[in-house]
Amino acid sequence: MPTSLPPDAPVLVLATPGDTAGVAEEIAAVVRVDNPQIEVRLTSVTDLADSLPTGRDAVIVPLLTWDDPVVMAEIGKAVAATGSGAAVTEALGPHPLLAEALHIKLAERGLARADRVRLLNVSSPVDAVILATVGGDRAMLAVQATAVLLASRLTLPVVAASLDSEPGVGVAAQRLRAAGAERLAIAPCMIGHEAPAGIVEQAAAAINAGYAEPLGSHGAVAELVARAYGSQLAT
């Protein structure tokens with residue numbers, strides 16, 4: 001990301017599939033503080049057409065951890081309806097920074113060591129991690145790469161599972177425990193606005209597992225937003 005931009009540089013439009021209040025607003029605030037040279041606008045996907053600048057380029061960054069085809073199609077329709085030449089980036093994941101943020105979220109709840117060094121005399125707080133997402137089978141397949149990245153950081157088995165379709169978290173837990181992994185944790189591969197409140201907690205209670213909080217406004221999310229914008233400028 002360049003440290004300075006011309007006055008007519010493209011506007012960064014953050015498009016959230018949920019409400020702009022709460023976590024999306026927090027992410028936008030972090031992006032603005034970390035990148036004062038960028039004009040940042042925040043909008044819901046449904047209001048995107050009204051938020052695109054007139055007579056100026058824009059880069060739309062979806063606040064998603066995977067390329068949800070439903071949301072991406074809505075963004076595409078909004079851009080086409082306005083006749084805008086706005087560029088749309090891919091979702092924020094998979095990316096090593098996303099895996100790092102997931103690791104930190106687990107560590108904050110005492111479900112992973114904060115360091116990456118696997119010491120023989122230090123046992124892991126859990127035996128395996130379920131990387132949970134919403135969006136059915138497509139979402140589960142899309143976050144597989146993030147599961148591999150997280151497993152590499154934790155040096156533990158990490159499997160992806162859906163919170164809103166079957167086979168879901170329950171099936172993943174059965175398979176892991178059948179393989180000898182008794183202590184489980186759920187790491188939600190979500191920013192937080194993609195699913196109803198409490199869905200992760202309920203899933204964890206159902207399988208007697210610990211759970212981390214969604215990514216929220218973690219600094220890695222804001223950095224991935226800025227990187228997506230910067231990469232688009234470079235092209």
# chains A, B, ... in the order shown; residues from 1 in each chain; ligands from 1
call {"tool": "select_by_dssp", "arguments": {"residues": "range 96-189 of chain A", "states": "alpha helix (DSSP H)", "output": "PyMOL selection string"}}
result
chain A and resi 96-108+136-142+144-154+169-178
call {"tool": "write_last_selection", "arguments": {"atoms": "N, CA and C atoms", "output": "tab-separated table (two decimals), in the first residue's frame"}}
result
chain	number	residue	atom	x	y	z
A	96	PRO	N	-2.65	-16.34	4.75
A	96	PRO	CA	-1.95	-16.62	6.00
A	96	PRO	C	-2.32	-15.67	7.14
A	97	LEU	N	-2.62	-14.41	6.82
A	97	LEU	CA	-3.01	-13.46	7.86
A	97	LEU	C	-4.34	-13.86	8.51
A	98	LEU	N	-5.21	-14.45	7.72
A	98	LEU	CA	-6.49	-14.91	8.25
A	98	LEU	C	-6.25	-16.06	9.23
A	99	ALA	N	-5.37	-16.97	8.86
A	99	ALA	CA	-5.02	-18.08	9.76
A	99	ALA	C	-4.37	-17.55	11.04
A	100	GLU	N	-3.54	-16.52	10.91
A	100	GLU	CA	-2.90	-15.93	12.09
A	100	GLU	C	-3.94	-15.33	13.03
A	101	ALA	N	-4.92	-14.63	12.46
A	101	ALA	CA	-5.97	-14.04	13.28
A	101	ALA	C	-6.80	-15.11	13.98
A	102	LEU	N	-7.09	-16.20	13.29
A	102	LEU	CA	-7.84	-17.31	13.89
A	102	LEU	C	-7.04	-17.92	15.05
A	103	HIS	N	-5.74	-18.06	14.85
A	103	HIS	CA	-4.86	-18.57	15.90
A	103	HIS	C	-4.92	-17.67	17.13
A	104	ILE	N	-4.84	-16.38	16.91
A	104	ILE	CA	-4.85	-15.43	18.03
A	104	ILE	C	-6.19	-15.48	18.76
A	105	LYS	N	-7.27	-15.59	18.02
A	105	LYS	CA	-8.59	-15.67	18.64
A	105	LYS	C	-8.72	-16.91	19.51
A	106	LEU	N	-8.16	-18.03	19.06
A	106	LEU	CA	-8.16	-19.24	19.87
A	106	LEU	C	-7.30	-19.05	21.13
A	107	ALA	N	-6.15	-18.43	20.95
A	107	ALA	CA	-5.24	-18.21	22.08
A	107	ALA	C	-5.87	-17.29	23.12
A	108	GLU	N	-6.67	-16.31	22.68
A	108	GLU	CA	-7.32	-15.40	23.62
A	108	GLU	C	-8.30	-16.12	24.54
A	136	GLY	N	-23.19	-23.42	3.83
A	136	GLY	CA	-23.35	-24.76	3.27
A	136	GLY	C	-22.06	-25.37	2.77
A	137	ASP	N	-22.22	-26.35	1.85
A	137	ASP	CA	-21.07	-27.09	1.34
A	137	ASP	C	-20.07	-26.19	0.62
A	138	ARG	N	-20.57	-25.18	-0.10
A	138	ARG	CA	-19.66	-24.28	-0.82
A	138	ARG	C	-18.72	-23.57	0.13
A	139	ALA	N	-19.29	-23.10	1.22
A	139	ALA	CA	-18.46	-22.40	2.21
A	139	ALA	C	-17.43	-23.34	2.81
A	140	MET	N	-17.86	-24.55	3.13
A	140	MET	CA	-16.95	-25.51	3.75
A	140	MET	C	-15.78	-25.83	2.84
A	141	LEU	N	-16.06	-26.00	1.55
A	141	LEU	CA	-14.99	-26.28	0.60
A	141	LEU	C	-14.08	-25.06	0.43
A	142	ALA	N	-14.70	-23.87	0.47
A	142	ALA	CA	-13.93	-22.65	0.23
A	142	ALA	C	-12.93	-22.37	1.34
A	144	GLN	N	-11.31	-24.63	3.09
A	144	GLN	CA	-10.37	-25.74	3.29
A	144	GLN	C	-8.92	-25.25	3.32
A	145	ALA	N	-8.60	-24.32	2.43
A	145	ALA	CA	-7.23	-23.82	2.39
A	145	ALA	C	-6.87	-23.11	3.69
A	146	THR	N	-7.83	-22.37	4.25
A	146	THR	CA	-7.59	-21.71	5.53
A	146	THR	C	-7.40	-22.74	6.64
A	147	ALA	N	-8.14	-23.85	6.56
A	147	ALA	CA	-7.97	-24.92	7.54
A	147	ALA	C	-6.56	-25.49	7.50
A	148	VAL	N	-6.02	-25.65	6.30
A	148	VAL	CA	-4.65	-26.16	6.15
A	148	VAL	C	-3.65	-25.18	6.75
A	149	LEU	N	-3.85	-23.88	6.48
A	149	LEU	CA	-2.95	-22.86	7.01
A	149	LEU	C	-2.99	-22.82	8.53
A	150	LEU	N	-4.20	-22.95	9.10
A	150	LEU	CA	-4.33	-22.93	10.55
A	150	LEU	C	-3.72	-24.18	11.17
A	151	ALA	N	-3.92	-25.32	10.53
A	151	ALA	CA	-3.33	-26.57	11.04
A	151	ALA	C	-1.81	-26.47	11.07
A	152	SER	N	-1.23	-25.81	10.08
A	152	SER	CA	0.21	-25.64	10.03
A	152	SER	C	0.70	-24.78	11.20
A	153	ARG	N	-0.07	-23.77	11.56
A	153	ARG	CA	0.31	-22.91	12.67
A	153	ARG	C	0.18	-23.63	14.00
A	154	LEU	N	-0.90	-24.40	14.16
A	154	LEU	CA	-1.19	-25.04	15.44
A	154	LEU	C	-0.50	-26.39	15.60
A	169	VAL	N	-21.02	-29.49	12.13
A	169	VAL	CA	-20.05	-29.51	13.22
A	169	VAL	C	-20.16	-30.81	14.02
A	170	GLY	N	-21.39	-31.29	14.22
A	170	GLY	CA	-21.58	-32.52	14.99
A	170	GLY	C	-20.90	-33.72	14.37
A	171	VAL	N	-21.02	-33.85	13.06
A	171	VAL	CA	-20.38	-34.96	12.35
A	171	VAL	C	-18.86	-34.83	12.42
A	172	ALA	N	-18.36	-33.60	12.26
A	172	ALA	CA	-16.92	-33.37	12.34
A	172	ALA	C	-16.39	-33.76	13.72
A	173	ALA	N	-17.15	-33.43	14.76
A	173	ALA	CA	-16.73	-33.77	16.12
A	173	ALA	C	-16.70	-35.28	16.33
A	174	GLN	N	-17.69	-35.98	15.81
A	174	GLN	CA	-17.72	-37.44	15.94
A	174	GLN	C	-16.51	-38.08	15.28
A	175	ARG	N	-16.17	-37.60	14.09
A	175	ARG	CA	-15.03	-38.17	13.37
A	175	ARG	C	-13.72	-37.89	14.09
A	176	LEU	N	-13.56	-36.69	14.60
A	176	LEU	CA	-12.33	-36.35	15.31
A	176	LEU	C	-12.19	-37.17	16.59
A	177	ARG	N	-13.28	-37.32	17.31
A	177	ARG	CA	-13.21	-38.10	18.56
A	177	ARG	C	-12.99	-39.58	18.27
A	178	ALA	N	-13.53	-40.06	17.17
A	178	ALA	CA	-13.29	-41.46	16.80
A	178	ALA	C	-11.82	-41.68	16.48
call {"tool": "residues_around", "arguments": {"residues": "Ile130 in chain A", "least_positions_apart": "5", "cutoff": "8 Å", "atoms": "only C-alpha atoms", "output": "list in words"}}
result
Val158, Val159, Ala160, Ala161, Val169, Ala172, Ala173, Leu184, Ala185, Ile186 and Ala187 of chain A
call {"tool": "select_by_dssp", "arguments": {"residues": "chain A", "states": "strand (DSSP E)", "output": "PyMOL selection string"}}
result
chain A and resi 11-16+40-44+58-62+87-88+128-133+158-162+184-188+210-211
call {"tool": "residues_around", "arguments": {"residues": "Ile75 in chain A", "least_positions_apart": "2", "cutoff": "10 Å", "atoms": "only C-alpha atoms", "output": "PDB file with N, CA, C and O atoms, in the first residue's frame"}}
result
ATOM      1  N   ALA A  15     -18.020  -3.354   1.394  1.00  0.00           N
ATOM      2  CA  ALA A  15     -19.383  -3.846   1.225  1.00  0.00           C
ATOM      3  C   ALA A  15     -19.631  -4.992   2.193  1.00  0.00           C
ATOM      4  O   ALA A  15     -18.975  -6.034   2.113  1.00  0.00           O
ATOM      5  N   THR A  16     -20.556  -4.785   3.122  1.00  0.00           N
ATOM      6  CA  THR A  16     -20.863  -5.811   4.109  1.00  0.00           C
ATOM      7  C   THR A  16     -22.193  -6.477   3.795  1.00  0.00           C
ATOM      8  O   THR A  16     -23.152  -5.802   3.423  1.00  0.00           O
ATOM      9  N   PRO A  17     -22.278  -7.798   3.928  1.00  0.00           N
ATOM     10  CA  PRO A  17     -23.546  -8.481   3.693  1.00  0.00           C
ATOM     11  C   PRO A  17     -24.547  -8.268   4.819  1.00  0.00           C
ATOM     12  O   PRO A  17     -25.715  -8.625   4.693  1.00  0.00           O
ATOM     13  N   SER A  44     -23.807  -1.373   3.111  1.00  0.00           N
ATOM     14  CA  SER A  44     -24.320  -2.741   3.012  1.00  0.00           C
ATOM     15  C   SER A  44     -24.408  -3.099   1.530  1.00  0.00           C
ATOM     16  O   SER A  44     -24.465  -2.217   0.665  1.00  0.00           O
ATOM     17  N   VAL A  45     -24.425  -4.369   1.249  1.00  0.00           N
ATOM     18  CA  VAL A  45     -24.509  -4.812  -0.144  1.00  0.00           C
ATOM     19  C   VAL A  45     -25.797  -4.306  -0.786  1.00  0.00           C
ATOM     20  O   VAL A  45     -25.802  -3.912  -1.960  1.00  0.00           O
ATOM     21  N   THR A  46     -26.881  -4.283  -0.037  1.00  0.00           N
ATOM     22  CA  THR A  46     -28.164  -3.842  -0.590  1.00  0.00           C
ATOM     23  C   THR A  46     -28.163  -2.351  -0.946  1.00  0.00           C
ATOM     24  O   THR A  46     -28.917  -1.918  -1.812  1.00  0.00           O
ATOM     25  N   ASP A  47     -27.332  -1.558  -0.284  1.00  0.00           N
ATOM     26  CA  ASP A  47     -27.270  -0.110  -0.549  1.00  0.00           C
ATOM     27  C   ASP A  47     -26.041   0.273  -1.375  1.00  0.00           C
ATOM     28  O   ASP A  47     -25.730   1.460  -1.501  1.00  0.00           O
ATOM     29  N   LEU A  48     -25.374  -0.718  -1.933  1.00  0.00           N
ATOM     30  CA  LEU A  48     -24.101  -0.458  -2.618  1.00  0.00           C
ATOM     31  C   LEU A  48     -24.249   0.513  -3.777  1.00  0.00           C
ATOM     32  O   LEU A  48     -23.418   1.411  -3.961  1.00  0.00           O
ATOM     33  N   ALA A  49     -25.290   0.360  -4.571  1.00  0.00           N
ATOM     34  CA  ALA A  49     -25.464   1.202  -5.762  1.00  0.00           C
ATOM     35  C   ALA A  49     -25.501   2.687  -5.399  1.00  0.00           C
ATOM     36  O   ALA A  49     -24.990   3.536  -6.140  1.00  0.00           O
ATOM     37  N   ILE A  60     -14.197  -1.987  -4.672  1.00  0.00           N
ATOM     38  CA  ILE A  60     -15.132  -2.579  -3.718  1.00  0.00           C
ATOM     39  C   ILE A  60     -14.491  -3.810  -3.094  1.00  0.00           C
ATOM     40  O   ILE A  60     -14.081  -4.733  -3.796  1.00  0.00           O
ATOM     41  N   VAL A  61     -14.399  -3.810  -1.775  1.00  0.00           N
ATOM     42  CA  VAL A  61     -13.833  -4.948  -1.046  1.00  0.00           C
ATOM     43  C   VAL A  61     -14.952  -5.590  -0.223  1.00  0.00           C
ATOM     44  O   VAL A  61     -15.458  -4.967   0.715  1.00  0.00           O
ATOM     45  N   PRO A  62     -15.353  -6.812  -0.555  1.00  0.00           N
ATOM     46  CA  PRO A  62     -16.395  -7.473   0.227  1.00  0.00           C
ATOM     47  C   PRO A  62     -15.863  -7.908   1.590  1.00  0.00           C
ATOM     48  O   PRO A  62     -14.774  -8.474   1.679  1.00  0.00           O
ATOM     49  N   PRO A  69     -20.969 -16.859  -3.398  1.00  0.00           N
ATOM     50  CA  PRO A  69     -21.482 -16.524  -4.725  1.00  0.00           C
ATOM     51  C   PRO A  69     -22.745 -15.673  -4.687  1.00  0.00           C
ATOM     52  O   PRO A  69     -22.978 -14.867  -5.600  1.00  0.00           O
ATOM     53  N   VAL A  70     -23.563 -15.826  -3.655  1.00  0.00           N
ATOM     54  CA  VAL A  70     -24.790 -15.040  -3.550  1.00  0.00           C
ATOM     55  C   VAL A  70     -24.452 -13.568  -3.328  1.00  0.00           C
ATOM     56  O   VAL A  70     -24.966 -12.674  -4.012  1.00  0.00           O
ATOM     57  N   VAL A  71     -23.562 -13.309  -2.382  1.00  0.00           N
ATOM     58  CA  VAL A  71     -23.178 -11.933  -2.081  1.00  0.00           C
ATOM     59  C   VAL A  71     -22.404 -11.319  -3.242  1.00  0.00           C
ATOM     60  O   VAL A  71     -22.649 -10.168  -3.630  1.00  0.00           O
ATOM     61  N   MET A  72     -21.488 -12.087  -3.819  1.00  0.00           N
ATOM     62  CA  MET A  72     -20.697 -11.557  -4.934  1.00  0.00           C
ATOM     63  C   MET A  72     -21.582 -11.232  -6.129  1.00  0.00           C
ATOM     64  O   MET A  72     -21.352 -10.246  -6.845  1.00  0.00           O
ATOM     65  N   ALA A  73     -22.632 -12.034  -6.346  1.00  0.00           N
ATOM     66  CA  ALA A  73     -23.562 -11.759  -7.450  1.00  0.00           C
ATOM     67  C   ALA A  73     -24.337 -10.474  -7.188  1.00  0.00           C
ATOM     68  O   ALA A  73     -24.576  -9.674  -8.115  1.00  0.00           O
ATOM     69  N   LYS A  77     -24.353  -7.148  -9.563  1.00  0.00           N
ATOM     70  CA  LYS A  77     -25.577  -6.545 -10.081  1.00  0.00           C
ATOM     71  C   LYS A  77     -25.631  -5.062  -9.761  1.00  0.00           C
ATOM     72  O   LYS A  77     -26.056  -4.247 -10.590  1.00  0.00           O
ATOM     73  N   ALA A  78     -25.201  -4.693  -8.563  1.00  0.00           N
ATOM     74  CA  ALA A  78     -25.217  -3.286  -8.162  1.00  0.00           C
ATOM     75  C   ALA A  78     -24.267  -2.466  -9.027  1.00  0.00           C
ATOM     76  O   ALA A  78     -24.602  -1.354  -9.459  1.00  0.00           O
ATOM     77  N   VAL A  79     -23.093  -3.015  -9.295  1.00  0.00           N
ATOM     78  CA  VAL A  79     -22.115  -2.316 -10.138  1.00  0.00           C
ATOM     79  C   VAL A  79     -22.657  -2.173 -11.561  1.00  0.00           C
ATOM     80  O   VAL A  79     -22.570  -1.102 -12.170  1.00  0.00           O
ATOM     81  N   ALA A  80     -23.248  -3.236 -12.086  1.00  0.00           N
ATOM     82  CA  ALA A  80     -23.782  -3.195 -13.452  1.00  0.00           C
ATOM     83  C   ALA A  80     -24.950  -2.215 -13.560  1.00  0.00           C
ATOM     84  O   ALA A  80     -25.092  -1.509 -14.563  1.00  0.00           O
ATOM     85  N   ALA A  81     -25.782  -2.158 -12.524  1.00  0.00           N
ATOM     86  CA  ALA A  81     -26.963  -1.296 -12.562  1.00  0.00           C
ATOM     87  C   ALA A  81     -26.591   0.179 -12.622  1.00  0.00           C
ATOM     88  O   ALA A  81     -27.312   0.990 -13.205  1.00  0.00           O
ATOM     89  N   VAL A  88     -14.083  -4.935  -8.312  1.00  0.00           N
ATOM     90  CA  VAL A  88     -14.489  -5.726  -7.142  1.00  0.00           C
ATOM     91  C   VAL A  88     -13.379  -6.731  -6.837  1.00  0.00           C
ATOM     92  O   VAL A  88     -12.981  -7.500  -7.712  1.00  0.00           O
TER      93      VAL A  88
END
call {"tool": "closest_residue", "arguments": {"among": "A:Ala132, A:Ile199, A:Leu14, A:Leu111", "to": "Pro167 in chain A", "atoms": "only C-alpha atoms"}}
result
A:Ala132
call {"tool": "residues_around", "arguments": {"residues": "range 25-39 of chain A", "least_positions_apart": "6", "cutoff": "7 Å", "atoms": "only C-alpha atoms", "output": "short mmCIF file (atom, residue, chain, number, x, y, z; two decimals) with N, CA, C and O atoms, in the first residue's frame"}}
result
data_model
loop_
_atom_site.label_atom_id
_atom_site.label_comp_id
_atom_site.auth_asym_id
_atom_site.auth_seq_id
_atom_site.Cartn_x
_atom_site.Cartn_y
_atom_site.Cartn_z
N THR A 3 2.15 5.00 0.63
CA THR A 3 1.92 5.86 1.78
C THR A 3 1.16 7.13 1.41
O THR A 3 0.61 7.80 2.28
N SER A 4 1.16 7.48 0.13
CA SER A 4 0.39 8.65 -0.32
C SER A 4 -0.29 8.32 -1.64
O SER A 4 0.22 7.52 -2.43
N LEU A 5 -1.43 8.94 -1.86
CA LEU A 5 -2.21 8.71 -3.07
C LEU A 5 -2.67 10.06 -3.62
O LEU A 5 -2.87 11.01 -2.86
N VAL A 11 -11.87 5.36 -4.56
CA VAL A 11 -12.45 5.26 -3.23
C VAL A 11 -12.50 3.78 -2.84
O VAL A 11 -12.80 2.91 -3.66
N LEU A 12 -12.18 3.49 -1.59
CA LEU A 12 -12.32 2.13 -1.07
C LEU A 12 -13.72 1.99 -0.49
O LEU A 12 -14.08 2.67 0.47
N SER A 217 -13.20 -7.12 14.36
CA SER A 217 -12.36 -6.05 13.81
C SER A 217 -10.89 -6.28 14.10
O SER A 217 -10.13 -5.32 14.28
N ALA A 222 -8.48 -5.75 8.92
CA ALA A 222 -8.27 -4.43 8.34
C ALA A 222 -7.07 -4.43 7.39
O ALA A 222 -7.09 -3.79 6.34
N ALA A 226 -6.92 -3.52 3.30
CA ALA A 226 -5.98 -2.58 2.68
C ALA A 226 -5.16 -3.26 1.60
O ALA A 226 -4.89 -2.68 0.54
#
call {"tool": "closest_residue", "arguments": {"among": "A:Thr20, A:Thr235, A:Thr54, A:Thr133", "to": "Cys189 in chain A", "atoms": "only C-alpha atoms"}}
result
A:Thr133
call {"tool": "residues_around", "arguments": {"residues": "Ala234 in chain A", "least_positions_apart": "3", "cutoff": "12 Å", "atoms": "only C-alpha atoms", "output": "list in words"}}
result
Met1, Pro2, Pro10, Val59, Arg227, Ala228, Tyr229, Gly230 and Ser231 of chain A
call {"tool": "write_last_selection", "arguments": {"atoms": "C-alpha atoms", "output": "short mmCIF file (atom, residue, chain, number, x, y, z; two decimals), in the first residue's frame"}}
result
data_model
loop_
_atom_site.label_atom_id
_atom_site.label_comp_id
_atom_site.auth_asym_id
_atom_site.auth_seq_id
_atom_site.Cartn_x
_atom_site.Cartn_y
_atom_site.Cartn_z
CA MET A 1 0.00 0.00 0.00
CA PRO A 2 1.52 3.36 -1.05
CA PRO A 10 -10.14 5.27 -6.21
CA VAL A 59 -12.51 -0.44 -5.44
CA ARG A 227 -3.98 -5.22 0.85
CA ALA A 228 -6.94 -6.05 -1.37
CA TYR A 229 -7.28 -2.38 -2.26
CA GLY A 230 -3.53 -1.98 -2.85
CA SER A 231 -3.39 -5.07 -5.05
#
call {"tool": "closest_residue", "arguments": {"among": "A:Gly22, A:Gly198, A:Val13, A:Gly55", "to": "Val40 in chain A", "atoms": "only C-alpha atoms"}}
result
A:Val13
call {"tool": "atom_distance", "arguments": {"atom1": "CA of Thr65 in chain A", "atom2": "CA of His95 in chain A"}}
result
9.3 Å
call {"tool": "atom_distance", "arguments": {"atom1": "CA of Ala209 in chain A", "atom2": "CA of Glu194 in chain A"}}
result
21.4 Å
call {"tool": "atom_distance", "arguments": {"atom1": "CA of Arg183 in chain A", "atom2": "CA of Ala212 in chain A"}}
result
14.0 Å
